[in-house]
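Asks: Next comes the structure file entry.cif, holding mmCIF, C-alpha atoms.
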data_start
#
loop_
_atom_site.group_PDB
_atom_site.id
_atom_site.type_symbol
_atom_site.label_atom_id
_atom_site.label_comp_id
_atom_site.auth_asym_id
_atom_site.auth_seq_id
_atom_site.Cartn_x
_atom_site.Cartn_y
_atom_site.Cartn_z
ATOM 1 C CA MET A 3 16.145 -2.450 20.145
ATOM 2 C CA ALA A 4 18.153 -3.126 16.992
ATOM 3 C CA GLY A 5 16.513 -4.232 13.767
ATOM 4 C CA ARG A 6 15.570 -2.814 10.410
ATOM 5 C CA PHE A 7 12.518 -1.080 11.915
ATOM 6 C CA ALA A 8 14.291 0.415 14.922
ATOM 7 C CA GLY A 9 12.790 3.823 15.632
ATOM 8 C CA LYS A 10 9.783 3.161 13.379
ATOM 9 C CA VAL A 11 6.125 3.003 14.427
ATOM 10 C CA ALA A 12 3.591 0.753 12.708
ATOM 11 C CA ILE A 13 -0.181 0.388 12.849
ATOM 12 C CA VAL A 14 -1.589 -3.031 11.958
ATOM 13 C CA THR A 15 -5.382 -3.233 11.883
ATOM 14 C CA GLY A 16 -7.032 -6.484 12.870
ATOM 15 C CA SER A 17 -3.841 -7.663 14.559
ATOM 16 C CA SER A 18 -5.323 -9.702 17.397
ATOM 17 C CA SER A 19 -5.318 -12.914 15.328
ATOM 18 C CA GLY A 20 -4.385 -14.567 12.045
ATOM 19 C CA ILE A 21 -2.405 -12.724 9.399
ATOM 20 C CA GLY A 22 -2.563 -9.381 11.212
ATOM 21 C CA GLN A 23 -1.153 -10.888 14.390
ATOM 22 C CA SER A 24 1.719 -12.461 12.490
ATOM 23 C CA ILE A 25 2.510 -9.164 10.739
ATOM 24 C CA ALA A 26 2.468 -7.202 14.000
ATOM 25 C CA ILE A 27 4.797 -9.713 15.667
ATOM 26 C CA ARG A 28 7.156 -9.718 12.679
ATOM 27 C CA LEU A 29 7.436 -5.928 12.562
ATOM 28 C CA GLY A 30 7.786 -5.701 16.330
ATOM 29 C CA SER A 31 10.449 -8.404 16.430
ATOM 30 C CA GLU A 32 12.504 -6.333 13.973
ATOM 31 C CA GLY A 33 12.378 -3.198 16.092
ATOM 32 C CA ALA A 34 9.104 -1.420 15.279
ATOM 33 C CA SER A 35 6.813 -0.049 17.960
ATOM 34 C CA VAL A 36 3.420 -1.459 17.003
ATOM 35 C CA VAL A 37 -0.178 -0.327 17.471
ATOM 36 C CA VAL A 38 -2.109 -3.589 17.871
ATOM 37 C CA ASP A 39 -5.699 -2.924 16.800
ATOM 38 C CA PHE A 40 -8.611 -5.159 17.808
ATOM 39 C CA LEU A 41 -12.409 -5.086 17.816
ATOM 40 C CA ASN A 42 -13.835 -7.766 20.119
ATOM 41 C CA HIS A 43 -11.093 -9.761 21.822
ATOM 42 C CA PRO A 44 -8.726 -7.717 24.013
ATOM 43 C CA GLU A 45 -7.182 -10.913 25.366
ATOM 44 C CA ASN A 46 -6.007 -11.843 21.848
ATOM 45 C CA ALA A 47 -4.596 -8.349 21.332
ATOM 46 C CA ASP A 48 -2.777 -8.694 24.648
ATOM 47 C CA GLN A 49 -1.317 -11.972 23.374
ATOM 48 C CA THR A 50 0.009 -10.196 20.286
ATOM 49 C CA LYS A 51 1.477 -7.463 22.488
ATOM 50 C CA SER A 52 3.105 -10.029 24.782
ATOM 51 C CA GLN A 53 4.719 -11.846 21.855
ATOM 52 C CA ILE A 54 6.098 -8.582 20.485
ATOM 53 C CA GLU A 55 7.517 -7.699 23.890
ATOM 54 C CA ALA A 56 8.972 -11.192 24.294
ATOM 55 C CA ALA A 57 10.829 -10.609 21.015
ATOM 56 C CA GLY A 58 12.249 -7.369 22.411
ATOM 57 C CA GLY A 59 9.796 -4.972 20.766
ATOM 58 C CA LYS A 60 7.241 -2.463 22.030
ATOM 59 C CA ALA A 61 3.473 -2.447 21.486
ATOM 60 C CA ILE A 62 0.245 -0.843 22.620
ATOM 61 C CA THR A 63 -3.269 -2.241 22.136
ATOM 62 C CA LEU A 64 -6.175 -0.114 20.934
ATOM 63 C CA GLN A 65 -9.787 -0.989 20.255
ATOM 64 C CA ALA A 66 -11.371 0.397 17.108
ATOM 65 C CA ASP A 67 -14.407 -0.361 14.988
ATOM 66 C CA VAL A 68 -12.744 0.189 11.627
ATOM 67 C CA THR A 69 -16.102 0.766 9.912
ATOM 68 C CA LYS A 70 -16.261 4.102 11.777
ATOM 69 C CA PRO A 71 -13.824 6.676 10.349
ATOM 70 C CA ALA A 72 -13.463 8.564 13.646
ATOM 71 C CA GLU A 73 -12.410 5.404 15.497
ATOM 72 C CA VAL A 74 -10.002 4.254 12.836
ATOM 73 C CA GLN A 75 -8.434 7.683 12.514
ATOM 74 C CA ASN A 76 -7.916 7.675 16.287
ATOM 75 C CA LEU A 77 -5.399 4.867 15.778
ATOM 76 C CA VAL A 78 -3.153 7.394 14.030
ATOM 77 C CA GLU A 79 -3.699 10.016 16.721
ATOM 78 C CA GLN A 80 -2.791 7.522 19.451
ATOM 79 C CA ALA A 81 0.269 6.285 17.562
ATOM 80 C CA HIS A 82 1.552 9.858 17.546
ATOM 81 C CA ALA A 83 0.499 10.592 21.133
ATOM 82 C CA GLN A 84 1.771 7.377 22.726
ATOM 83 C CA LEU A 85 4.591 6.276 20.416
ATOM 84 C CA GLY A 86 5.794 9.529 18.884
ATOM 85 C CA GLY A 87 4.642 9.150 15.282
ATOM 86 C CA CYS A 88 3.718 6.625 12.636
ATOM 87 C CA ASP A 89 5.772 5.440 9.660
ATOM 88 C CA ILE A 90 4.115 2.206 8.508
ATOM 89 C CA LEU A 91 0.427 1.437 8.011
ATOM 90 C CA VAL A 92 -0.839 -2.082 7.367
ATOM 91 C CA ASN A 93 -4.531 -2.148 6.409
ATOM 92 C CA ASN A 94 -5.271 -5.747 7.334
ATOM 93 C CA ALA A 95 -8.723 -5.818 8.950
ATOM 94 C CA GLY A 96 -11.187 -7.680 6.765
ATOM 95 C CA VAL A 97 -14.414 -9.633 6.732
ATOM 96 C CA GLU A 98 -16.364 -11.709 4.226
ATOM 97 C CA LYS A 99 -20.020 -12.770 4.024
ATOM 98 C CA HIS A 100 -21.230 -15.818 2.096
ATOM 99 C CA ALA A 101 -24.440 -15.497 0.071
ATOM 100 C CA PRO A 102 -25.601 -15.963 -3.513
ATOM 101 C CA PHE A 103 -25.657 -12.532 -5.135
ATOM 102 C CA TRP A 104 -29.462 -12.516 -5.345
ATOM 103 C CA GLU A 105 -29.755 -13.131 -1.592
ATOM 104 C CA ALA A 106 -27.089 -10.731 -0.305
ATOM 105 C CA THR A 107 -28.406 -8.171 2.202
ATOM 106 C CA GLU A 108 -27.671 -4.478 2.366
ATOM 107 C CA ALA A 109 -26.409 -4.884 5.943
ATOM 108 C CA ASP A 110 -23.864 -7.510 4.908
ATOM 109 C CA TYR A 111 -22.817 -5.459 1.879
ATOM 110 C CA ASP A 112 -22.241 -2.411 4.082
ATOM 111 C CA LEU A 113 -20.254 -4.422 6.627
ATOM 112 C CA VAL A 114 -17.970 -5.935 3.982
ATOM 113 C CA LEU A 115 -17.372 -2.723 2.010
ATOM 114 C CA ASN A 116 -16.940 -0.586 5.110
ATOM 115 C CA THR A 117 -14.536 -3.005 6.790
ATOM 116 C CA ASN A 118 -12.427 -3.910 3.763
ATOM 117 C CA LEU A 119 -12.399 -0.679 1.762
ATOM 118 C CA LYS A 120 -13.809 2.359 3.570
ATOM 119 C CA ALA A 121 -11.634 1.706 6.625
ATOM 120 C CA ALA A 122 -8.474 1.491 4.518
ATOM 121 C CA PHE A 123 -9.420 4.704 2.697
ATOM 122 C CA PHE A 124 -9.925 6.894 5.757
ATOM 123 C CA LEU A 125 -7.188 5.370 7.899
ATOM 124 C CA SER A 126 -4.718 5.867 5.054
ATOM 125 C CA GLN A 127 -5.959 9.434 4.624
ATOM 126 C CA ARG A 128 -5.236 10.383 8.247
ATOM 127 C CA PHE A 129 -1.924 8.521 8.186
ATOM 128 C CA VAL A 130 -0.884 10.485 5.072
ATOM 129 C CA GLN A 131 -2.049 13.836 6.437
ATOM 130 C CA LYS A 132 0.207 13.430 9.462
ATOM 131 C CA LEU A 133 3.170 12.391 7.297
ATOM 132 C CA MET A 134 2.680 15.424 5.072
ATOM 133 C CA GLU A 135 2.551 17.746 8.079
ATOM 134 C CA ALA A 136 5.865 16.320 9.283
ATOM 135 C CA LYS A 137 7.327 16.076 5.746
ATOM 136 C CA LYS A 138 8.207 12.419 6.368
ATOM 137 C CA PRO A 139 8.191 9.381 4.066
ATOM 138 C CA GLY A 140 5.923 6.424 4.772
ATOM 139 C CA ARG A 141 4.734 2.977 3.790
ATOM 140 C CA ILE A 142 1.173 1.813 3.213
ATOM 141 C CA ILE A 143 0.632 -1.924 2.762
ATOM 142 C CA ASN A 144 -2.888 -3.206 2.176
ATOM 143 C CA ILE A 145 -3.711 -6.847 2.837
ATOM 144 C CA SER A 146 -5.860 -7.496 -0.177
ATOM 145 C CA SER A 147 -6.692 -10.958 -1.564
ATOM 146 C CA VAL A 148 -6.330 -13.059 -4.681
ATOM 147 C CA HIS A 149 -9.982 -12.046 -5.071
ATOM 148 C CA GLU A 150 -9.012 -8.521 -6.062
ATOM 149 C CA ASP A 151 -8.444 -10.246 -9.415
ATOM 150 C CA MET A 152 -9.985 -13.738 -9.171
ATOM 151 C CA VAL A 153 -13.698 -14.564 -9.042
ATOM 152 C CA PHE A 154 -15.206 -15.932 -5.815
ATOM 153 C CA PRO A 155 -18.799 -17.049 -6.413
ATOM 154 C CA ASN A 156 -21.167 -16.262 -3.517
ATOM 155 C CA PHE A 157 -18.830 -13.560 -2.216
ATOM 156 C CA ALA A 158 -19.640 -10.699 -4.616
ATOM 157 C CA SER A 159 -19.336 -7.940 -2.009
ATOM 158 C CA TYR A 160 -15.913 -9.224 -0.920
ATOM 159 C CA CYS A 161 -14.674 -9.277 -4.513
ATOM 160 C CA ALA A 162 -16.015 -5.748 -5.053
ATOM 161 C CA ALA A 163 -14.225 -4.524 -1.918
ATOM 162 C CA LYS A 164 -10.903 -6.131 -2.829
ATOM 163 C CA GLY A 165 -11.169 -4.964 -6.440
ATOM 164 C CA GLY A 166 -11.731 -1.469 -5.070
ATOM 165 C CA MET A 167 -8.675 -1.862 -2.861
ATOM 166 C CA ARG A 168 -6.592 -2.718 -5.916
ATOM 167 C CA MET A 169 -7.573 0.483 -7.713
ATOM 168 C CA LEU A 170 -7.263 2.570 -4.547
ATOM 169 C CA MET A 171 -3.692 1.310 -4.140
ATOM 170 C CA ARG A 172 -2.827 2.141 -7.731
ATOM 171 C CA ASP A 173 -4.276 5.628 -7.510
ATOM 172 C CA LEU A 174 -2.658 6.440 -4.168
ATOM 173 C CA ALA A 175 0.728 5.193 -5.392
ATOM 174 C CA MET A 176 0.554 7.876 -8.095
ATOM 175 C CA GLU A 177 -0.801 10.630 -5.839
ATOM 176 C CA LEU A 178 1.566 9.965 -2.950
ATOM 177 C CA GLY A 179 4.731 9.094 -4.847
ATOM 178 C CA PRO A 180 5.899 12.739 -4.943
ATOM 179 C CA TYR A 181 5.736 12.721 -1.125
ATOM 180 C CA ASN A 182 7.886 9.574 -0.873
ATOM 181 C CA ILE A 183 4.979 7.516 0.447
ATOM 182 C CA THR A 184 4.792 4.077 -1.155
ATOM 183 C CA VAL A 185 1.587 2.062 -1.471
ATOM 184 C CA ASN A 186 1.401 -1.646 -2.265
ATOM 185 C CA ASN A 187 -0.987 -4.570 -1.846
ATOM 186 C CA VAL A 188 -0.186 -8.019 -0.541
ATOM 187 C CA ALA A 189 -2.765 -10.507 -1.789
ATOM 188 C CA PRO A 190 -2.953 -13.792 0.141
ATOM 189 C CA GLY A 191 -4.516 -16.914 -1.260
ATOM 190 C CA ALA A 192 -5.580 -19.773 1.003
ATOM 191 C CA ILE A 193 -3.881 -19.190 4.356
ATOM 192 C CA ASN A 194 -4.086 -21.318 7.502
ATOM 193 C CA THR A 195 -5.996 -18.864 9.720
ATOM 194 C CA PRO A 196 -9.146 -18.880 11.900
ATOM 195 C CA ILE A 197 -11.223 -17.442 9.026
ATOM 196 C CA ASN A 198 -10.651 -20.730 7.165
ATOM 197 C CA LYS A 199 -11.625 -22.976 10.081
ATOM 198 C CA SER A 200 -14.604 -24.538 8.263
ATOM 199 C CA LEU A 201 -12.492 -25.201 5.158
ATOM 200 C CA LEU A 202 -9.820 -26.963 7.201
ATOM 201 C CA ALA A 203 -12.479 -29.226 8.704
ATOM 202 C CA ASP A 204 -13.926 -30.200 5.285
ATOM 203 C CA LYS A 205 -11.351 -32.627 3.882
ATOM 204 C CA PRO A 206 -12.919 -33.147 0.407
ATOM 205 C CA LYS A 207 -13.212 -29.375 -0.081
ATOM 206 C CA LEU A 208 -9.695 -28.810 1.257
ATOM 207 C CA ASP A 209 -8.233 -31.514 -0.989
ATOM 208 C CA ALA A 210 -9.963 -29.982 -4.032
ATOM 209 C CA LEU A 211 -8.446 -26.601 -3.177
ATOM 210 C CA LEU A 212 -4.969 -28.061 -2.664
ATOM 211 C CA ARG A 213 -5.129 -29.584 -6.142
ATOM 212 C CA ASN A 214 -5.507 -26.018 -7.443
ATOM 213 C CA ILE A 215 -2.394 -24.791 -5.606
ATOM 214 C CA PRO A 216 0.815 -25.631 -7.485
ATOM 215 C CA LEU A 217 2.844 -25.651 -4.260
ATOM 216 C CA GLY A 218 0.367 -28.161 -2.826
ATOM 217 C CA ARG A 219 -0.187 -26.589 0.592
ATOM 218 C CA LEU A 220 -1.949 -23.799 2.388
ATOM 219 C CA GLY A 221 0.088 -20.739 3.207
ATOM 220 C CA GLU A 222 0.982 -19.780 6.762
ATOM 221 C CA PRO A 223 0.490 -16.298 8.225
ATOM 222 C CA GLU A 224 4.276 -15.957 8.374
ATOM 223 C CA ASP A 225 4.432 -16.334 4.581
ATOM 224 C CA VAL A 226 2.426 -13.121 4.333
ATOM 225 C CA ALA A 227 4.240 -11.335 7.155
ATOM 226 C CA SER A 228 7.660 -11.793 5.571
ATOM 227 C CA LEU A 229 6.557 -10.014 2.382
ATOM 228 C CA VAL A 230 4.891 -7.227 4.340
ATOM 229 C CA ALA A 231 8.127 -6.738 6.276
ATOM 230 C CA PHE A 232 10.048 -6.356 3.017
ATOM 231 C CA LEU A 233 7.577 -3.815 1.609
ATOM 232 C CA ALA A 234 7.674 -1.859 4.871
ATOM 233 C CA SER A 235 11.467 -1.730 4.891
ATOM 234 C CA ASP A 236 14.024 0.602 3.331
ATOM 235 C CA GLU A 237 14.898 -2.229 0.937
ATOM 236 C CA ALA A 238 11.580 -1.561 -0.815
ATOM 237 C CA ALA A 239 12.071 2.199 -1.138
ATOM 238 C CA TYR A 240 11.627 2.031 -4.941
ATOM 239 C CA VAL A 241 8.653 -0.348 -4.869
ATOM 240 C CA THR A 242 5.171 1.145 -5.237
ATOM 241 C CA GLY A 243 1.890 0.668 -7.076
ATOM 242 C CA SER A 244 1.817 -3.126 -7.289
ATOM 243 C CA THR A 245 0.049 -6.178 -5.899
ATOM 244 C CA TYR A 246 2.167 -9.084 -4.652
ATOM 245 C CA PHE A 247 0.392 -12.447 -4.531
ATOM 246 C CA VAL A 248 1.175 -14.881 -1.706
ATOM 247 C CA ASP A 249 -0.864 -17.825 -2.893
ATOM 248 C CA GLY A 250 1.360 -20.776 -3.819
ATOM 249 C CA GLY A 251 0.487 -20.138 -7.474
ATOM 250 C CA LEU A 252 -3.285 -20.448 -6.951
ATOM 251 C CA ILE A 253 -4.261 -17.445 -9.077
ATOM 252 C CA ARG A 254 -2.482 -18.937 -12.114
ATOM 253 C CA ASN A 255 -4.130 -22.337 -11.748
ATOM 254 C CA TYR A 256 -7.583 -21.734 -10.289
ATOM 255 C CA LYS A 257 -10.553 -23.673 -11.633
ATOM 256 C CA GLU A 258 -14.090 -23.761 -10.248
ATOM 257 C CA GLN A 259 -14.894 -27.295 -9.102
#
Can the structure in the file be given as structure tokens, please?

Replies:
Amino acid sequence: MAGRFAGKVAIVTGSSSGIGQSIAIRLGSEGASVVVDFLNHPENADQTKSQIEAAGGKAITLQADVTKPAEVQNLVEQAHAQLGGCDILVNNAGVEKHAPFWEATEADYDLVLNTNLKAAFFLSQRFVQKLMEAKKPGRIINISSVHEDMVFPNFASYCAAKGGMRMLMRDLAMELGPYNITVNNVAPGAINTPINKSLLADKPKLDALLRNIPLGRLGEPEDVASLVAFLASDEAAYVTGSTYFVDGGLIRNYKEQ
């Protein structure tokens, strides 16, 4: 298949729905062979795979609990075994837990930090080890959040995880630059995805949020996917060590209600 990712292989974690699904379909539609990772819903992963194939691309589905380093690292092993390598890694899988700081549980803290930060650390590590062995360049794109920089009351563990992802990206960009491996974050704001289902159903809360967004609308998963595709491409060969916000201007205009 032709396209700017022809001959490339990409892993997208959490790609059975939402932003991850849109990213996987975008990369696949432009020629990449994609590892579609899921946790609980194989039927949704199959839907992602089908849409990639309908666009002329190739995909495989793999189940992995990203909080377990051995399972997440297996995504890289399978990409090499089944698809012949891996050139692009998108660390997208994420979770958040709502609780006032003084009521947050250790179990929820561990789930949020392990899913959002630990998984990205060890998956990136295995991805990089394989690239170094083959002496190949690569792209790491982390799906972070405006909350790597912006407060989010009642979501302290999520903010800590995304803040950690920001510094991890910056450090890895420096360490991996000499190996021609770029590392960047894409930080969505309010995006129309299943994770925001309750927000979409609460009109007063939604309207208050929209007043904080200069562009006056929620983002769509495709708004994120298009930037990821750029950062994964050869056009972004000289781009590393930065966060790119996809938030309609929210981070510049946010006010607690």

Asks: Mind giving me the axis-aligned box for segment 36-46 of chain A with 4 Å on every side, centre plus edges in Å to one decimal, as AutoDock Vina command-line options?

Replies:
--center_x -5.2 --center_y -6.1 --center_z 21.1 --size_x 25.3 --size_y 19.5 --size_z 16.6

Asks: In terms of the shortest atom-to-atom distance over all atoms listed in the file, which of A:Ile143, A:Val226, A:Val37, A:Ile27 is closest to Val74 of chain A?

Replies: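 Residue with the minimum atom-to-atom distance to Val74 of chain A: A:Val37.
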
Asks: Could you tell me which residues the PyMOL selection byres ((chain A and resi 246-249) around 9) grabs in this file, written as number ranges by chain?

Replies: A: 147-148, 186-193, 215, 217, 220-221, 225-226, 229, 244-245, 250-253

Asks: Export, as a compact mmCIF listing (two decimals), in the frame of the given file, the selected residues with C-alpha atoms.

Replies:
# COMPACT_ATOMS: atom_id res chain seq x y z
CA SER A 147 -6.69 -10.96 -1.56
CA VAL A 148 -6.33 -13.06 -4.68
CA ASN A 186 1.40 -1.65 -2.26
CA ASN A 187 -0.99 -4.57 -1.85
CA VAL A 188 -0.19 -8.02 -0.54
CA ALA A 189 -2.76 -10.51 -1.79
CA PRO A 190 -2.95 -13.79 0.14
CA GLY A 191 -4.52 -16.91 -1.26
CA ALA A 192 -5.58 -19.77 1.00
CA ILE A 193 -3.88 -19.19 4.36
CA ILE A 215 -2.39 -24.79 -5.61
CA LEU A 217 2.84 -25.65 -4.26
CA LEU A 220 -1.95 -23.80 2.39
CA GLY A 221 0.09 -20.74 3.21
CA ASP A 225 4.43 -16.33 4.58
CA VAL A 226 2.43 -13.12 4.33
CA LEU A 229 6.56 -10.01 2.38
CA SER A 244 1.82 -3.13 -7.29
CA THR A 245 0.05 -6.18 -5.90
CA GLY A 250 1.36 -20.78 -3.82
CA GLY A 251 0.49 -20.14 -7.47
CA LEU A 252 -3.28 -20.45 -6.95
CA ILE A 253 -4.26 -17.44 -9.08

Asks: Quick one: apply the PyMOL selection byres ((chain A and resi 95) around 9) to the file and drop the selected residues here as a list in words.

Replies: Val14, Thr15, Gly16, Ser17, Gly22, Asp39, Phe40, Val68, Val92, Asn93, Asn94, Gly96, Val97, Thr117, Asn118, Ala121, Ala122 and Ile145 of chain A

Asks: Return the single residue from A:Tyr256, A:Val114, A:Trp104, A:Gln23 that is closest to Pro216 of chain A, with distances computed using only C-alpha atoms.

Replies: A:Tyr256

Asks: In Å to one decimal, how far is atom CA of Tyr111 of chain A from atom CA of Leu64 of chain A?

Replies: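 Atom-to-atom, atom CA of Leu64 of chain A and atom CA of Tyr111 of chain A are spaced 25.9 Å apart.
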
Asks: With the PyMOL selection byres ((chain A and resi 47) around 8) as the selection, what would be picked from this file? Answer as a list of chain:residue names, please.

Replies: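 Answer for the PyMOL selection byres ((chain A and resi 47) around 8): A:Ser17, A:Ser18, A:Ser19, A:Val38, A:Asp39, A:Phe40, A:His43, A:Pro44, A:Glu45, A:Asn46, A:Asp48, A:Gln49, A:Thr50, A:Lys51, A:Thr63.
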
Asks: Between A:Pro102, A:Pro223, A:Gly30, A:Gly5, which one has atoms that come closest to Ser159 of chain A, using only C-alpha atoms?

Replies: A:Pro102

Asks: Rounded to one decimal place, report the atom CA of Val130 of chain A-atom CA of Glu55 of chain A distance in Å.

Replies: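 Separating atom CA of Val130 of chain A from atom CA of Glu55 of chain A is a distance of 27.5 Å.
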
Asks: May I have the residues within 7 Å of Lys164 of chain A as JSON, numbers by chain, using only C-alpha atoms and disregarding those fewer than 3 positions away in the same chain?

Replies: {"A": [146, 147, 149, 150, 160, 161, 167, 168]}

Asks: Between atom CA of Ala57 of chain A and atom CA of Leu91 of chain A, what is the spacing in Å?

Replies: 20.6 Å

Asks: Neighbours of Asp173 of chain A within 8 Å (only C-alpha atoms; same-chain residues fewer than 4 positions away dropped), as a PyMOL selection string?

Replies: chain A and resi 169+177+243

Asks: Closest to Met152 of chain A among A:Lys138, A:Asn116, A:Asn255, A:Asn194, using all atoms listed in the file?

Replies: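 The shortest atom-to-atom distance to Met152 of chain A comes from A:Asn255.
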
Asks: Can you work out which one of A:Leu233, A:Ala239, A:Ala136, A:Leu77 has the shortest atom-to-atom distance to Phe124 of chain A, counting only C-alpha atoms?

Replies: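 Comparing A:Leu233, A:Ala239, A:Ala136, A:Leu77 against Phe124 of chain A, the winner is A:Leu77.
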
Asks: Quick one: residues within 12 Å of Gln131 of chain A, all atoms listed in the file, excluding same-chain residues fewer than 6 positions away - as a PyMOL selection string?

Replies: chain A and resi 75+78-79+88-89+124-125+137-140+178+181+183

Asks: In terms of the shortest atom-to-atom distance over all atoms listed in the file, which of A:Arg28, A:Lys99, A:Lys60, A:Arg219 is closest to Pro155 of chain A?

Replies: A:Lys99
